[in-house]
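J.: Below is a structure I'd like to ask you about.
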There are 2 protein chains.
Amino acid sequence: MVFPLSSLSAAVPLAPWRSPLARALHRNRSRPYSRYIQLATVQANDRPANRTVVFRGFWGDRNVLQFVTDQRSQKVQDVTLSPWAELCWYFTQTREQFRLAGMVILVTAQHPEAELQTARQRSWDALSESGQRSFFWPHPGDRRHPDHDLEADVPQALPPTPPETFCLGLFNPDWVDHLELRGEPQTRTRYELIDGEWQMMSVNP
Amino acid sequence: MVFPLSSLSAAVPLAPWRSPLARALHRNRSRPYSRYIQLATVQANDRPANRTVVFRGFWGDRNVLQFVTDQRSQKVQDVTLSPWAELCWYFTQTREQFRLAGMVILVTAQHPEAELQTARQRSWDALSESGQRSFFWPHPGDRRHPDHDLEADVPQALPPTPPETFCLGLFNPDWVDHLELRGEPQTRTRYELIDGEWQMMSVNP
C-alpha cells in the first residue's frame, strides 16, 4: 500500500497534544528508556501483537512520529495487512501515560516518494553504529543457529545508504489519550482529529 | 463468554518462562513501575488498543497473570468481543522485554465459578484504599463534569466485598518471547505452548 503525502496531516497548527508530550519528554529526559514506546498492531490471525520500539523524533514539522524497524520483522507484516496501530507510552518519572492511535506508513527501500526516501536516509544516518549493524543480522525471529555468529554478515564498512532491510515507520495519530496519575484528582485529556481539526476534552480517568 | 477452569493451564510443571520472568521481577524490584505492563487488545472496529495495567501476581499455582480493571472500561468491551491479548513488559533496569500472548478471562461479579469469585475477592482485598476508591468514580472515559467531584460517589466506608464495577482479569499465555538487550550478543528465547507442553527455542533477536 502506498500512501500519498497528503494523507499525513501537516503540523500547522501544531497538534494540541504536542505540547504536553514535549513536556513529558523533557521532564523524563534523564531516563533513556523514556523514548521506548509499546506499539500494538493486529496480526493476520486477528490477534493483537505488542512490542517496544524507540521513538526517533517527529518527521519534519508534521505531527508524525518516527521509528525504525527491520523489513523482515513481524510488525512490518502486520502493518502491511492492517495499518492501524496504537502506541502506549508510559513516563516513569512523571507518572503519566500517552496512548496514541493512528495509522502506520512504512517507508521501505521501494517507496516511490522522494521526500520519504530522504526521511529514510536521515533516520539511517541518525542511527548508532550498533543500530546499523543489526540490520545485517540474520532473519529476526527465526531459529538461531548456535554456530552462526549474529555479526557474520555485517560488512566491514557500514554503507552510507540504508540496506534493503532498513525500514522507516511513520505513525500518524488521529486520537490521543493523556492520563496523569499524579495530582489529586488525576486528570485525563482526550484529543481527536475530526474533519482535519483536533478536538480536545477532559474525560474521567 | 464463560471459560471453564480446565481451559487454564495448571502450573505443574511451572512454565519454563516463569523462572526468567521471576528473575526480572526480582532484579527490577526497586522500581515500582516494573509491575506496569502494556496490554494490547483488538477493538470492535478491528483497530488495536494499548494501555498500561498493573501486574497483580500469578493466580494461585497456575501460569496465569492477574490484573484488575473497571467493568466499564474499554478493555472489558474489547476482551468481551475478542479475548486475545498481548502483553509487552519492558524492564528498564535489566534492559529486557517479555512479550506474552494469550487469552484474557474476565471475572466479573456475575461469573459463576466459585473459585474465580474467591480470586476476585482476594484481589479486591489486596488493593490499596485509593485503588478501591477509583471503582466508585464516574464512568471512565466519559466527558468529565467540571463541577462533579470524582470522589462524590465513593462510600464513607469501603465495602468488604467488591462492587459490580470491579473486575479481575486473568491472562493465560500460550506464547512468550523474551529478549535480552544486554549482553554481546543479544539473546532472544521463544516459548510456545503446543499440545499442552511448553516448547522453548533460541531465536534471532
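Following the order of the C-alpha cells, first chain is A, next is B, and so on, with residues numbered from 1 inside each chain and ligands from 1 in the order they appear.
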Pick out the residues sitting within 7 Å of segment 163-177 of chain B, and hand them over as a ChimeraX atom specification; count only C-alpha atoms, and ignore anything fewer than 5 positions along from it in its own chain.
T.: /B:8,63-72,98-109,120,135,189-193
J.: Considering only C-alpha atoms, extract the chain B residues located within 8 Å of chain A and return them as a ChimeraX atom specification.
T.: /B:33,38-42,46-52,84-88,90,92,97,99,101,138-144,150,185,201-205
J.: Those residues you just picked out, can you put them in a file as an mmCIF file, in the first residue's frame with C-alpha atoms?
T.:
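The new file part00.cif reads:
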```
data_model
loop_
_atom_site.group_PDB
_atom_site.id
_atom_site.type_symbol
_atom_site.label_atom_id
_atom_site.label_comp_id
_atom_site.auth_asym_id
_atom_site.auth_seq_id
_atom_site.Cartn_x
_atom_site.Cartn_y
_atom_site.Cartn_z
ATOM 1 C CA TYR B 33 6.767 0.629 37.728
ATOM 2 C CA GLN B 38 1.225 -2.727 28.345
ATOM 3 C CA LEU B 39 -1.843 -4.722 27.376
ATOM 4 C CA ALA B 40 -2.881 -4.797 23.721
ATOM 5 C CA THR B 41 -6.328 -5.912 22.598
ATOM 6 C CA VAL B 42 -8.365 -5.659 19.387
ATOM 7 C CA ASP B 46 -10.520 -4.071 14.170
ATOM 8 C CA ARG B 47 -8.037 -1.454 15.341
ATOM 9 C CA PRO B 48 -5.693 -2.368 18.183
ATOM 10 C CA ALA B 49 -5.833 -0.725 21.613
ATOM 11 C CA ASN B 50 -2.947 -0.499 24.064
ATOM 12 C CA ARG B 51 -2.774 0.637 27.674
ATOM 13 C CA THR B 52 -0.883 0.112 30.910
ATOM 14 C CA TRP B 84 -6.923 -12.425 22.607
ATOM 15 C CA ALA B 85 -4.375 -10.062 24.061
ATOM 16 C CA GLU B 86 -0.649 -9.459 24.042
ATOM 17 C CA LEU B 87 1.300 -8.072 26.969
ATOM 18 C CA CYS B 88 4.534 -6.186 26.438
ATOM 19 C CA TYR B 90 9.854 -3.902 29.444
ATOM 20 C CA THR B 92 14.269 -0.780 32.443
ATOM 21 C CA GLN B 97 11.491 -7.378 27.240
ATOM 22 C CA ARG B 99 6.035 -10.369 25.242
ATOM 23 C CA ALA B 101 0.380 -13.604 24.031
ATOM 24 C CA PRO B 138 -17.831 8.084 37.350
ATOM 25 C CA HIS B 139 -17.714 6.149 34.069
ATOM 26 C CA PRO B 140 -14.080 6.032 32.825
ATOM 27 C CA GLY B 141 -13.531 7.800 29.508
ATOM 28 C CA ASP B 142 -16.791 9.780 29.631
ATOM 29 C CA ARG B 143 -16.679 13.552 29.414
ATOM 30 C CA ARG B 144 -15.700 14.998 32.758
ATOM 31 C CA LEU B 150 -14.591 12.352 41.102
ATOM 32 C CA PRO B 185 25.434 -10.863 21.514
ATOM 33 C CA MET B 201 13.857 -22.310 21.392
ATOM 34 C CA SER B 202 16.525 -19.735 20.854
ATOM 35 C CA VAL B 203 15.668 -17.278 18.047
ATOM 36 C CA ASN B 204 17.448 -14.398 16.313
ATOM 37 C CA PRO B 205 16.975 -11.038 18.045
#
```
J.: Near Thr94 of chain B, within 12 Å and counting only C-alpha atoms, which residues show up once chain neighbours fewer than 5 positions away are dropped, as an mmCIF file with N, CA, C and O atoms, in the first residue's frame?
T.:
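Written file, around_28.cif:
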```
data_model
loop_
_atom_site.group_PDB
_atom_site.id
_atom_site.type_symbol
_atom_site.label_atom_id
_atom_site.label_comp_id
_atom_site.auth_asym_id
_atom_site.auth_seq_id
_atom_site.Cartn_x
_atom_site.Cartn_y
_atom_site.Cartn_z
ATOM 1 N N TYR A 33 15.254 5.307 28.580
ATOM 2 C CA TYR A 33 14.133 4.461 28.169
ATOM 3 C C TYR A 33 12.826 5.256 28.086
ATOM 4 O O TYR A 33 11.785 4.694 27.738
ATOM 5 N N PRO B 20 12.845 -17.048 34.224
ATOM 6 C CA PRO B 20 13.433 -15.764 33.803
ATOM 7 C C PRO B 20 12.551 -14.560 34.143
ATOM 8 O O PRO B 20 13.066 -13.488 34.472
ATOM 9 N N LEU B 21 11.221 -14.727 34.138
ATOM 10 C CA LEU B 21 10.344 -13.609 34.498
ATOM 11 C C LEU B 21 10.459 -13.285 35.995
ATOM 12 O O LEU B 21 10.522 -12.111 36.383
ATOM 13 N N ARG B 23 13.054 -13.792 37.803
ATOM 14 C CA ARG B 23 14.375 -13.165 37.974
ATOM 15 C C ARG B 23 14.300 -11.682 37.589
ATOM 16 O O ARG B 23 14.824 -10.816 38.295
ATOM 17 N N ALA B 24 13.631 -11.384 36.482
ATOM 18 C CA ALA B 24 13.498 -9.985 36.049
ATOM 19 C C ALA B 24 12.728 -9.176 37.090
ATOM 20 O O ALA B 24 13.120 -8.055 37.438
ATOM 21 N N LEU B 25 11.639 -9.728 37.612
ATOM 22 C CA LEU B 25 10.866 -9.022 38.640
ATOM 23 C C LEU B 25 11.730 -8.760 39.875
ATOM 24 O O LEU B 25 11.668 -7.682 40.467
ATOM 25 N N HIS B 26 12.528 -9.736 40.228
ATOM 26 C CA HIS B 26 13.381 -9.578 41.406
ATOM 27 C C HIS B 26 14.456 -8.506 41.172
ATOM 28 O O HIS B 26 14.655 -7.614 41.992
ATOM 29 N N ARG B 27 15.111 -8.579 40.031
ATOM 30 C CA ARG B 27 16.219 -7.653 39.761
ATOM 31 C C ARG B 27 15.749 -6.211 39.558
ATOM 32 O O ARG B 27 16.539 -5.283 39.676
ATOM 33 N N ASN B 28 14.486 -6.050 39.198
ATOM 34 C CA ASN B 28 13.951 -4.710 38.952
ATOM 35 C C ASN B 28 13.021 -4.248 40.072
ATOM 36 O O ASN B 28 12.290 -3.277 39.916
ATOM 37 N N ARG B 29 13.086 -4.929 41.214
ATOM 38 C CA ARG B 29 12.098 -4.701 42.276
ATOM 39 C C ARG B 29 12.198 -3.319 42.908
ATOM 40 O O ARG B 29 11.237 -2.834 43.501
ATOM 41 N N SER B 30 13.355 -2.655 42.774
ATOM 42 C CA SER B 30 13.495 -1.324 43.372
ATOM 43 C C SER B 30 12.657 -0.292 42.624
ATOM 44 O O SER B 30 12.480 0.824 43.101
ATOM 45 N N ARG B 31 12.160 -0.645 41.456
ATOM 46 C CA ARG B 31 11.385 0.306 40.653
ATOM 47 C C ARG B 31 9.933 -0.151 40.616
ATOM 48 O O ARG B 31 9.606 -1.141 39.960
ATOM 49 N N SER B 34 8.074 -1.424 37.568
ATOM 50 C CA SER B 34 8.416 -2.710 36.938
ATOM 51 C C SER B 34 7.225 -3.650 36.903
ATOM 52 O O SER B 34 7.263 -4.668 36.222
ATOM 53 N N TRP B 89 6.144 -6.204 28.223
ATOM 54 C CA TRP B 89 6.653 -5.887 29.557
ATOM 55 C C TRP B 89 8.126 -5.563 29.423
ATOM 56 O O TRP B 89 8.943 -6.457 29.168
ATOM 57 N N LEU B 179 13.385 -11.138 25.198
ATOM 58 C CA LEU B 179 14.530 -10.509 24.522
ATOM 59 C C LEU B 179 15.417 -9.834 25.554
ATOM 60 O O LEU B 179 14.937 -9.031 26.357
ATOM 61 N N GLU B 180 16.695 -10.157 25.526
ATOM 62 C CA GLU B 180 17.650 -9.508 26.428
ATOM 63 C C GLU B 180 18.579 -8.622 25.611
ATOM 64 O O GLU B 180 19.393 -9.109 24.830
ATOM 65 N N LEU B 181 18.431 -7.312 25.810
ATOM 66 C CA LEU B 181 19.233 -6.375 25.015
ATOM 67 C C LEU B 181 20.667 -6.282 25.516
ATOM 68 O O LEU B 181 21.581 -5.978 24.758
ATOM 69 N N ARG B 182 20.838 -6.539 26.816
ATOM 70 C CA ARG B 182 22.190 -6.541 27.364
ATOM 71 C C ARG B 182 22.915 -7.781 26.915
ATOM 72 O O ARG B 182 22.311 -8.799 26.648
ATOM 73 N N GLY B 183 24.223 -7.697 26.903
ATOM 74 C CA GLY B 183 24.998 -8.895 26.562
ATOM 75 C C GLY B 183 25.378 -8.852 25.111
ATOM 76 O O GLY B 183 24.643 -8.335 24.273
#
```
J.: Using the chain letters and numbers from this document, which residues of segment 81-199 of chain B does DSSP assign to helix (DSSP H, G or I), as a list in words?
T.: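 Answer for segment 81-199 of chain B restricted to helix (DSSP H, G or I) is Leu81, Ala114, Glu115, Leu116, Gln117, Thr118, Ala119, Arg120, Gln121, Arg122, Ser123, Trp124, Asp125, Ala126, Glu129, Ser130, Gly131, Gln132, Arg133 and Ser134 of chain B.
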J.: Figure out the distance between atom CA of Glu197 of chain A and atom CA of Leu14 of chain A, please, to one decimal in Å.
T.: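 Computed distance, atom CA of Leu14 of chain A to atom CA of Glu197 of chain A, equals 10.7 Å.
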J.: Using the chain letters and numbers from this document, which residues of segment 8-146 of chain A does DSSP assign to strand (DSSP E), as a PyMOL selection string?
T.: chain A and resi 36-42+48-54+65-70+84-91+96-107
J.: What is the atom CA of Glu96 of chain B to atom CA of Asp153 of chain A distance in Å?
T.: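 Going from atom CA of Glu96 of chain B over to atom CA of Asp153 of chain A, I get 24.9 Å.
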J.: Kindly give the distance, in Å, that separates atom CA of Thr80 of chain A and atom CA of Leu116 of chain A, rounded to a single decimal.
T.: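 So the answer is 17.1 Å.
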J.: Find the residues around Pro160 of chain A up to 9 Å (only C-alpha atoms counted), leave out those fewer than 6 positions away in its own chain, and share them as a ChimeraX atom specification.
T.: /A:121,124-125
J.: Taking only C-alpha atoms into account, name the residue in B:Gly60, B:Val76, B:His148, B:Gly131 that is nearest to Thr118 of chain B.
T.: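 Counting only C-alpha atoms, the residue closest to Thr118 of chain B is B:Gly60.
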J.: When distances are computed from only C-alpha atoms, which of A:Val54, A:Pro13, A:Ser19, A:Ala44 shows the smallest separation from Val79 of chain A?
T.: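 Looking only at the distances to Val79 of chain A, the closest residue turns out to be A:Ala44.
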